[in-house]
Amino acid sequence: MKQLVIQIGIQLGSSAVAIILAAMLLSRFSLGIGGFITAVVVFTIAQSLLVGLIAKLATKYTPALAGAASLVSTWLALVIANLPFGGIRIHGFWTWIWATLIVWAVTALCAVVVPKYLLKDSKAA
């Protein structure tokens with residue numbers, strides 16, 4: 001149970017950091033203060049649900065593209081978070097490309113690095 005709570009916290013935290021970083025780096029990526037929590041929660045849930053589905057479909061129909069599943073799920077999660085209830089606004093083709101790459105890179109890095117430190121500390125206690 002503790003592992004699940006840590007995993008959810010890491011996903012929410014990495015999504016928050018990634019979305020803030022994308023908003024800071026990209027002028028056509030806007031993030032409303034009131035919609036920030038909604039954007040993070042919507043994005044995290046969408047990405048968590050989509051990554052498995054996209055990976056399964058890619059493996060079944062186009063195995064060569066299975067590695068791109070996380071990029072596609074990140075993009076789709078951003079599309080969902082960009083809907084009126086989502087709390088973020090992304091405008092322009094290149095902003096979509098860069099936002100997807102930034103958010104994907106940050107969340108992937110956090111998914112690999114952060115658990116090593118959190119789980120290391122929790123095992124020592």
# chains A, B, ... in the order shown; residues from 1 in each chain; ligands from 1
$ select_by_dssp --residues "range 16-58 of chain A" --states "helix (DSSP H, G or I)" --output "VMD selection string"
chain A and resid 16 to 25 36 to 58
$ closest_atom_pairs --of "range 13-70 of chain A" --to "range 83-103 of chain A" --cutoff "8 Å" --atoms "only C-alpha atoms" --output "tab-separated table"
residue	atom	partner	partner_atom	distance
A:Ser15	CA	A:Val103	CA	7.3
A:Ala18	CA	A:Val103	CA	4.8
A:Ile19	CA	A:Val103	CA	6.3
A:Leu21	CA	A:Ile102	CA	7.7
A:Ala22	CA	A:Ala99	CA	5.7
A:Leu26	CA	A:Thr95	CA	6.7
A:Arg28	CA	A:His91	CA	5.4
A:Phe29	CA	A:Ile90	CA	4.6
A:Ser30	CA	A:Arg89	CA	5.1
A:Leu31	CA	A:Ile88	CA	4.7
A:Gly32	CA	A:Gly87	CA	6.0
A:Gly34	CA	A:Gly87	CA	7.4
A:Gly35	CA	A:Gly87	CA	3.9
A:Phe36	CA	A:Gly87	CA	5.8
A:Ile37	CA	A:Gly87	CA	7.9
A:Thr38	CA	A:Gly86	CA	5.9
A:Ala39	CA	A:Gly87	CA	4.8
A:Val42	CA	A:Gly86	CA	6.4
$ write_last_selection --atoms "C-alpha atoms" --output "PDB file, in the first residue's frame"
ATOM      1  CA  SER A  15       3.337  15.702 -13.873  1.00  0.00           C
ATOM      2  CA  ALA A  18       6.638  18.786 -16.152  1.00  0.00           C
ATOM      3  CA  ILE A  19       3.583  20.959 -16.783  1.00  0.00           C
ATOM      4  CA  LEU A  21       8.364  23.573 -16.810  1.00  0.00           C
ATOM      5  CA  ALA A  22       6.573  23.382 -20.165  1.00  0.00           C
ATOM      6  CA  LEU A  26       6.905  27.679 -24.057  1.00  0.00           C
ATOM      7  CA  ARG A  28       2.153  29.489 -26.256  1.00  0.00           C
ATOM      8  CA  PHE A  29       1.567  27.043 -23.396  1.00  0.00           C
ATOM      9  CA  SER A  30      -0.611  28.722 -20.809  1.00  0.00           C
ATOM     10  CA  LEU A  31      -1.492  27.398 -17.416  1.00  0.00           C
ATOM     11  CA  GLY A  32      -4.207  28.964 -15.316  1.00  0.00           C
ATOM     12  CA  GLY A  34      -7.056  27.856 -10.821  1.00  0.00           C
ATOM     13  CA  GLY A  35      -6.792  25.081 -13.363  1.00  0.00           C
ATOM     14  CA  PHE A  36      -3.345  23.854 -12.359  1.00  0.00           C
ATOM     15  CA  ILE A  37      -4.493  21.104 -10.000  1.00  0.00           C
ATOM     16  CA  THR A  38      -7.157  20.028 -12.472  1.00  0.00           C
ATOM     17  CA  ALA A  39      -4.565  19.932 -15.269  1.00  0.00           C
ATOM     18  CA  VAL A  42      -6.456  15.069 -15.532  1.00  0.00           C
TER      19      VAL A  42
END
$ select_by_dssp --residues "chain A" --states "strand (DSSP E)" --output "PyMOL selection string"
chain A and resi 29-31+88-90
$ residues_around --residues "range 7-11 of chain A" --least-positions-apart "3" --cutoff "8 Å" --atoms "only C-alpha atoms" --output "PyMOL selection string"
chain A and resi 3-4+14-15+44+107+110-111+114-115
$ write_last_selection --atoms "N, CA and C atoms" --output "mmCIF file, in the first residue's frame"
data_model
loop_
_atom_site.group_PDB
_atom_site.id
_atom_site.type_symbol
_atom_site.label_atom_id
_atom_site.label_comp_id
_atom_site.auth_asym_id
_atom_site.auth_seq_id
_atom_site.Cartn_x
_atom_site.Cartn_y
_atom_site.Cartn_z
ATOM 1 N N GLN A 3 3.847 1.497 -1.181
ATOM 2 C CA GLN A 3 4.452 1.616 -2.511
ATOM 3 C C GLN A 3 3.488 2.299 -3.487
ATOM 4 N N LEU A 4 2.211 1.940 -3.431
ATOM 5 C CA LEU A 4 1.207 2.521 -4.322
ATOM 6 C C LEU A 4 1.065 4.020 -4.071
ATOM 7 N N SER A 14 5.658 14.489 -10.614
ATOM 8 C CA SER A 14 6.397 14.638 -11.872
ATOM 9 C C SER A 14 5.531 15.310 -12.933
ATOM 10 N N SER A 15 4.239 15.021 -12.938
ATOM 11 C CA SER A 15 3.337 15.702 -13.873
ATOM 12 C C SER A 15 3.281 17.190 -13.576
ATOM 13 N N THR A 44 -2.372 13.278 -15.355
ATOM 14 C CA THR A 44 -1.823 12.081 -14.727
ATOM 15 C C THR A 44 -2.741 10.874 -14.927
ATOM 16 N N THR A 107 8.667 13.600 -17.013
ATOM 17 C CA THR A 107 7.971 12.522 -16.303
ATOM 18 C C THR A 107 8.751 11.210 -16.381
ATOM 19 N N CYS A 110 11.733 11.547 -13.943
ATOM 20 C CA CYS A 110 11.256 11.434 -12.562
ATOM 21 C C CYS A 110 10.854 10.001 -12.222
ATOM 22 N N ALA A 111 10.239 9.297 -13.179
ATOM 23 C CA ALA A 111 9.813 7.918 -12.931
ATOM 24 C C ALA A 111 11.001 6.997 -12.669
ATOM 25 N N VAL A 114 13.445 9.430 -9.178
ATOM 26 C CA VAL A 114 12.828 9.724 -7.879
ATOM 27 C C VAL A 114 12.591 8.473 -7.031
ATOM 28 N N PRO A 115 12.053 7.374 -7.585
ATOM 29 C CA PRO A 115 11.825 6.199 -6.736
ATOM 30 C C PRO A 115 13.102 5.657 -6.099
#
$ residues_around --residues "Ala77 in chain A" --least-positions-apart "6" --cutoff "7 Å" --atoms "only C-alpha atoms" --output "PyMOL selection string"
chain A and resi 43+46-47
$ write_last_selection --atoms "C-alpha atoms" --output "PDB file, in the first residue's frame"
ATOM      1  CA  PHE A  43      -3.072  14.679 -17.242  1.00  0.00           C
ATOM      2  CA  ALA A  46      -5.122  10.169 -18.692  1.00  0.00           C
ATOM      3  CA  GLN A  47      -1.455   9.291 -19.104  1.00  0.00           C
TER       4      GLN A  47
END
$ closest_residue --among "A:Val17, A:Lys60, A:Lys2, A:Val41" --to "Ala108 in chain A" --atoms "only C-alpha atoms"
A:Val17
$ closest_residue --among "A:Leu109, A:Ala23, A:Ile33, A:Ile80" --to "Leu50 in chain A" --atoms "only C-alpha atoms"
A:Ile80
$ atom_distance --atom1 "CA of Trp104 in chain A" --atom2 "CA of Ser70 in chain A"
7.4 Å
$ residues_around --residues "Ala69 in chain A" --least-positions-apart "4" --cutoff "7 Å" --atoms "only C-alpha atoms" --output "list in words"
Val51, Ile54, Ala55, Ala58 and Ser73 of chain A
$ closest_residue --among "A:Leu12, A:Val112, A:Thr59, A:Tyr117" --to "Ile45 in chain A" --atoms "only C-alpha atoms"
A:Leu12
$ atom_distance --atom1 "CA of Ile20 in chain A" --atom2 "CA of Leu118 in chain A"
22.0 Å
